[in-house]
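Visitor: My structure file query.csv, CSV, C-alpha atoms, is below:
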```
chain,number,residue,atom,x,y,z
A,1,MET,CA,4.0,-11.4,-2.1
A,2,LEU,CA,5.2,-10.3,-5.5
A,3,ALA,CA,2.0,-11.4,-7.2
A,4,CYS,CA,-0.1,-9.4,-4.7
A,5,SER,CA,2.1,-6.3,-5.0
A,6,LEU,CA,1.9,-6.5,-8.8
A,7,ALA,CA,-1.9,-6.9,-8.7
A,8,VAL,CA,-2.2,-3.8,-6.4
A,9,TYR,CA,0.3,-1.8,-8.5
A,10,VAL,CA,-1.5,-2.6,-11.8
A,11,ALA,CA,-4.9,-1.8,-10.4
A,12,ASP,CA,-3.7,1.4,-8.9
A,13,GLN,CA,-2.0,2.7,-12.0
A,14,LEU,CA,-4.9,1.7,-14.3
A,15,THR,CA,-7.4,3.4,-12.1
A,16,LYS,CA,-5.3,6.6,-12.0
A,17,TRP,CA,-4.8,6.5,-15.7
A,18,TRP,CA,-8.6,6.2,-16.1
A,19,VAL,CA,-9.2,9.1,-13.8
A,20,VAL,CA,-6.6,11.4,-15.4
A,21,SER,CA,-7.9,10.6,-18.9
A,22,THR,CA,-11.6,10.8,-18.3
A,23,MET,CA,-12.1,13.4,-15.5
A,24,THR,CA,-11.1,17.0,-15.0
A,25,GLU,CA,-9.3,18.0,-11.8
A,26,GLY,CA,-11.9,18.8,-9.1
A,27,GLN,CA,-14.7,17.0,-10.9
A,28,ILE,CA,-17.0,15.0,-8.6
A,29,THR,CA,-18.9,12.0,-10.0
A,30,PRO,CA,-21.5,10.4,-7.7
A,31,VAL,CA,-21.2,6.6,-7.6
A,32,LEU,CA,-23.3,5.4,-4.7
A,33,PRO,CA,-24.7,8.7,-3.3
A,34,PRO,CA,-24.3,9.8,-0.6
A,35,LEU,CA,-21.7,7.1,0.4
A,36,LEU,CA,-19.2,7.1,-2.5
A,37,SER,CA,-18.1,9.4,-5.3
A,38,TRP,CA,-15.1,9.9,-7.5
A,39,ARG,CA,-13.4,13.2,-6.9
A,40,PHE,CA,-10.3,13.9,-8.9
A,41,PHE,CA,-7.6,15.5,-6.7
A,42,ARG,CA,-3.8,15.8,-7.0
A,43,ASN,CA,-2.3,15.4,-3.6
A,44,PRO,CA,1.2,16.9,-3.0
A,45,GLY,CA,1.3,15.7,0.6
A,46,ALA,CA,0.7,12.6,2.6
A,47,ALA,CA,-2.6,11.4,4.1
A,48,PHE,CA,-5.1,14.2,4.6
A,49,SER,CA,-2.7,16.5,2.6
A,50,ILE,CA,-0.2,16.7,5.5
A,51,GLY,CA,3.3,17.9,4.6
A,52,THR,CA,2.5,19.4,1.2
A,53,ASP,CA,5.9,21.3,1.3
A,54,TYR,CA,7.8,18.0,1.9
A,55,THR,CA,6.9,15.9,-1.1
A,56,TRP,CA,10.5,14.9,-1.7
A,57,VAL,CA,10.7,13.5,1.8
A,58,PHE,CA,7.7,11.1,1.0
A,59,THR,CA,9.5,10.0,-2.1
A,60,ILE,CA,12.6,9.1,-0.1
A,61,ILE,CA,10.5,7.3,2.5
A,62,MET,CA,8.7,5.3,-0.2
A,63,VAL,CA,12.0,4.3,-1.8
A,64,VAL,CA,13.3,3.1,1.6
A,65,VAL,CA,10.1,1.2,2.5
A,66,SER,CA,9.9,-0.4,-0.9
A,67,THR,CA,13.5,-1.5,-0.8
A,68,ALA,CA,13.1,-2.9,2.7
A,69,LEU,CA,10.0,-4.9,1.7
A,70,ILE,CA,11.7,-6.3,-1.5
A,71,LEU,CA,14.6,-7.5,0.7
A,72,GLN,CA,12.1,-9.5,2.9
A,73,VAL,CA,10.7,-11.5,-0.1
A,74,THR,CA,12.9,-14.5,0.5
A,75,LYS,CA,12.2,-14.6,4.3
A,76,VAL,CA,8.4,-14.7,4.0
A,77,ALA,CA,6.9,-18.2,4.2
A,78,SER,CA,3.5,-17.3,5.5
A,79,ARG,CA,0.6,-16.6,3.2
A,80,GLY,CA,-0.8,-14.0,5.5
A,81,TRP,CA,2.5,-12.1,5.7
A,82,SER,CA,2.9,-12.4,1.9
A,83,VAL,CA,-0.5,-10.8,1.3
A,84,ALA,CA,0.1,-8.1,4.0
A,85,LEU,CA,3.6,-7.2,2.7
A,86,GLY,CA,2.5,-7.4,-0.9
A,87,LEU,CA,-0.3,-5.0,-0.2
A,88,VAL,CA,2.0,-2.5,1.4
A,89,LEU,CA,4.7,-2.9,-1.3
A,90,GLY,CA,2.2,-2.6,-4.2
A,91,GLY,CA,0.7,0.5,-2.6
A,92,ALA,CA,4.1,2.1,-1.9
A,93,LEU,CA,5.2,1.5,-5.5
A,94,GLY,CA,2.0,2.9,-6.9
A,95,ASN,CA,2.3,6.2,-5.1
A,96,LEU,CA,6.1,6.2,-5.6
A,97,THR,CA,5.4,6.1,-9.4
A,98,ASP,CA,3.2,9.2,-9.1
A,99,ARG,CA,5.9,11.0,-7.0
A,100,LEU,CA,8.6,10.1,-9.6
A,101,LEU,CA,6.7,10.6,-12.9
A,102,ARG,CA,3.8,13.1,-12.4
A,103,GLU,CA,3.8,16.8,-12.4
A,104,PRO,CA,5.2,19.1,-11.2
A,105,SER,CA,8.7,17.5,-11.2
A,106,PHE,CA,10.6,14.2,-10.8
A,107,GLY,CA,10.6,13.2,-7.1
A,108,GLN,CA,8.0,15.8,-6.3
A,109,GLY,CA,5.0,14.6,-8.3
A,110,HIS,CA,1.5,14.9,-6.9
A,111,VAL,CA,-0.4,11.6,-6.2
A,112,VAL,CA,-3.7,11.1,-8.0
A,113,ASP,CA,-6.5,10.6,-5.5
A,114,PHE,CA,-10.1,10.0,-6.5
A,115,ILE,CA,-12.1,7.8,-4.0
A,116,ALA,CA,-14.2,10.0,-1.8
A,117,LEU,CA,-16.2,9.0,1.2
A,118,PRO,CA,-18.3,11.5,3.2
A,119,ASN,CA,-16.3,13.4,5.9
A,120,PHE,CA,-13.1,11.6,5.1
A,121,ALA,CA,-9.9,12.0,3.0
A,122,ILE,CA,-9.8,11.5,-0.7
A,123,PHE,CA,-7.6,8.4,-1.5
A,124,ASN,CA,-6.7,5.9,-4.2
A,125,ILE,CA,-6.2,2.1,-4.6
A,126,ALA,CA,-2.5,2.4,-3.4
A,127,ASP,CA,-3.6,4.1,-0.2
A,128,SER,CA,-6.3,1.5,0.4
A,129,ALA,CA,-3.7,-1.3,-0.1
A,130,VAL,CA,-1.2,0.2,2.3
A,131,VAL,CA,-3.8,0.7,5.0
A,132,SER,CA,-5.2,-2.9,4.5
A,133,GLY,CA,-1.7,-4.3,4.6
A,134,VAL,CA,-0.8,-2.5,7.8
A,135,VAL,CA,-4.0,-3.7,9.5
A,136,LEU,CA,-3.2,-7.2,8.4
A,137,ILE,CA,0.4,-6.9,9.8
A,138,CYS,CA,-1.1,-5.7,13.1
A,139,ILE,CA,-3.4,-8.7,13.2
A,140,LEU,CA,-0.6,-11.2,12.4
A,141,THR,CA,1.7,-9.6,14.9
A,142,LEU,CA,-1.0,-9.7,17.7
A,143,ARG,CA,-1.7,-13.3,16.8
A,144,GLY,CA,2.0,-14.1,17.2
A,145,VAL,CA,2.5,-15.2,13.6
A,146,GLY,CA,6.0,-14.9,12.3
A,147,LEU,CA,7.2,-14.3,8.8
A,148,ASP,CA,7.9,-18.0,8.5
A,149,GLY,CA,4.2,-18.8,9.4
A,150,ARG,CA,5.0,-20.2,12.9
A,151,ARG,CA,3.4,-18.9,16.0
A,152,ASP,CA,5.6,-17.4,18.7
A,153,ASN,CA,5.0,-20.4,21.0
A,154,GLU,CA,5.7,-23.1,18.4
A,155,PRO,CA,9.1,-24.9,18.6
A,156,THR,CA,11.5,-24.3,15.7
A,157,GLY,CA,13.4,-27.6,15.9
A,158,PRO,CA,13.1,-31.0,17.5
A,159,THR,CA,11.8,-31.0,21.0
A,160,PRO,CA,14.2,-32.1,23.8
A,161,ASP,CA,12.1,-35.3,24.5
A,162,ARG,CA,12.2,-36.4,20.9
A,163,ASP,CA,14.8,-37.0,18.1
A,164,ASP,CA,14.3,-36.0,14.5
A,165,HIS,CA,12.2,-39.2,13.9
A,166,GLY,CA,9.6,-38.4,16.5
A,167,ARG,CA,10.8,-40.9,19.1
```
Show how you would write the structure in this file as structure tokens.

Guide:
Amino acid sequence: MLACSLAVYVADQLTKWWVVSTMTEGQITPVLPPLLSWRFFRNPGAAFSIGTDYTWVFTIIMVVVSTALILQVTKVASRGWSVALGLVLGGALGNLTDRLLREPSFGQGHVVDFIALPNFAIFNIADSAVVSGVVLICILTLRGVGLDGRRDNEPTGPTPDRDDHGR
């Protein structure tokens, strides 16, 4: 989980550094026209620029979510859950870093977004990771896989017909 979150965090911060250092705000660079372009945008709000006047609320939410996920690390024994929670944690920490350290002020920084698809929001690696992680969490939950990797219908201890030695 921690390795996955670190990989997402580093990729997110490196791509944002690259965008800020090589592009001007508002610049559009075609990558795979007409499907994909880089479009440098600083987002004060949440997804689709919702809540632009409540940036500080998103900062608090990301601190709470990140803390809750870090507290789950020792409980996760499933590879799927490790990846899912690692994606969400890495993404939350990536955007939290922007909120804390970018302009206009501490706790109210604007998130750097740059991935643009036609007729869709502009987003970044952190956003992609959070969405992917949440989708994976939904799949794991629907399949009945717990944090420990067991399915809902699997017994957790010895069955009543058998002792610890399988007899």

Visitor: Determine, counting all atoms listed in the file, which protein, DNA and RNA residues have an atom within 6 Å of an atom of stretch 137-150 of chain A; residues of the same chain fewer than 6 positions away are not included. Present the result as number ranges by chain.

Guide: A: 76-78, 84

Visitor: Report as a Markdown table: every residue of stretch 32-110 of chain A with an atom at most 7 Å from stretch 116-129 of chain A, its closest pair of atoms, and their distance in Å to one decimal, counting all atoms listed in the file, with rows sorted by chain and ascending residue number.

Guide:
```
| residue | atom | partner | partner_atom | distance |
| --- | --- | --- | --- | --- |
| A:Leu35 | CA | A:Leu117 | CA | 5.9 |
| A:Leu36 | CA | A:Leu117 | CA | 5.1 |
| A:Ser37 | CA | A:Ala116 | CA | 5.3 |
| A:Trp38 | CA | A:Ala116 | CA | 5.8 |
| A:Arg39 | CA | A:Ala116 | CA | 6.1 |
| A:Phe48 | CA | A:Ala121 | CA | 5.5 |
| A:Leu87 | CA | A:Ala129 | CA | 5.0 |
| A:Val88 | CA | A:Ala129 | CA | 6.0 |
| A:Gly90 | CA | A:Ala126 | CA | 6.9 |
| A:Gly91 | CA | A:Ala126 | CA | 3.8 |
| A:Ala92 | CA | A:Ala126 | CA | 6.8 |
| A:Gly94 | CA | A:Ala126 | CA | 5.7 |
| A:Asn95 | CA | A:Ala126 | CA | 6.4 |
```

Visitor: Could you tell me which of A:Val112, A:Leu136, A:Ile28, A:Leu2 comes closest to A:Ser66 if we count all atoms listed in the file?

Guide: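 Among the listed residues, the smallest separation from A:Ser66 belongs to A:Leu2.
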
Visitor: Between A:Gly133, A:Leu93, A:Gln13, A:Pro34, which one has atoms that come closest to A:Val64, using all atoms listed in the file?

Guide: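 Of the candidates, the smallest distance to A:Val64 is held by A:Leu93.
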
Visitor: Measuring atom to atom with only C-alpha atoms, identify which of A:Leu85, A:Met62, A:Leu71, A:Ala7 is nearest to A:Ser132.

Guide: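 Smallest distance to A:Ser132 is found for A:Leu85.
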
Visitor: Taking all atoms listed in the file into account, which of A:Val134, A:Ile60, A:Ile115, A:Leu14 comes nearest A:Gly86?

Guide: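 Looking only at the distances to A:Gly86, the closest residue turns out to be A:Val134.
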
Visitor: Atom CA of A:Phe41 and atom CA of A:Asp113 are how many Å apart?

Guide: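 Separation between atom CA of A:Phe41 and atom CA of A:Asp113: 5.2 Å.
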
Visitor: Using Å and a single decimal, report how far atom CA of A:Val130 sits from atom CA of A:Pro33.

Guide: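 Straight-line distance from atom CA of A:Pro33 to atom CA of A:Val130 works out to 25.6 Å.
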
Visitor: Write out as a PyMOL selection string which residues come within 8 Å of A:Gly107 when counting all atoms listed in the file, dropping same-chain ones fewer than 3 positions away.

Guide: chain A and resi 55-56+59+99-101

Visitor: Quick one, how far is atom CA of A:Thr67 from atom CA of A:Leu89?

Guide: 8.9 Å

Visitor: Determine the nearest neighbour of A:Gln27 from the options A:Ser105, A:Phe114, A:Asp152, A:Val65, counting only C-alpha atoms.

Guide: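 Of A:Ser105, A:Phe114, A:Asp152, A:Val65, the one nearest A:Gln27, counting only C-alpha atoms, is A:Phe114.
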
Visitor: Within 12 Å of A:Pro104, counting only C-alpha atoms, which residues qualify if same-chain residues fewer than 6 places away don't, as a JSON list (two decimals) with C-alpha atoms, in the coordinates of the input?

Guide:
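Output (part_14.json):
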```json
[["chain", "number", "residue", "atom", "x", "y", "z"],
["A", 42, "ARG", "CA", -3.80, 15.80, -7.00],
["A", 43, "ASN", "CA", -2.30, 15.40, -3.60],
["A", 44, "PRO", "CA", 1.20, 16.90, -3.00],
["A", 55, "THR", "CA", 6.90, 15.90, -1.10],
["A", 56, "TRP", "CA", 10.50, 14.90, -1.70],
["A", 98, "ASP", "CA", 3.20, 9.20, -9.10],
["A", 110, "HIS", "CA", 1.50, 14.90, -6.90],
["A", 111, "VAL", "CA", -0.40, 11.60, -6.20]]
```

Visitor: Given all atoms listed in the file as the basis, pick out the residue of A:Gly109, A:Arg151, A:Glu103, A:Val83 nearest to A:Leu6.

Guide: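 Selected residue with least distance to A:Leu6: A:Val83.
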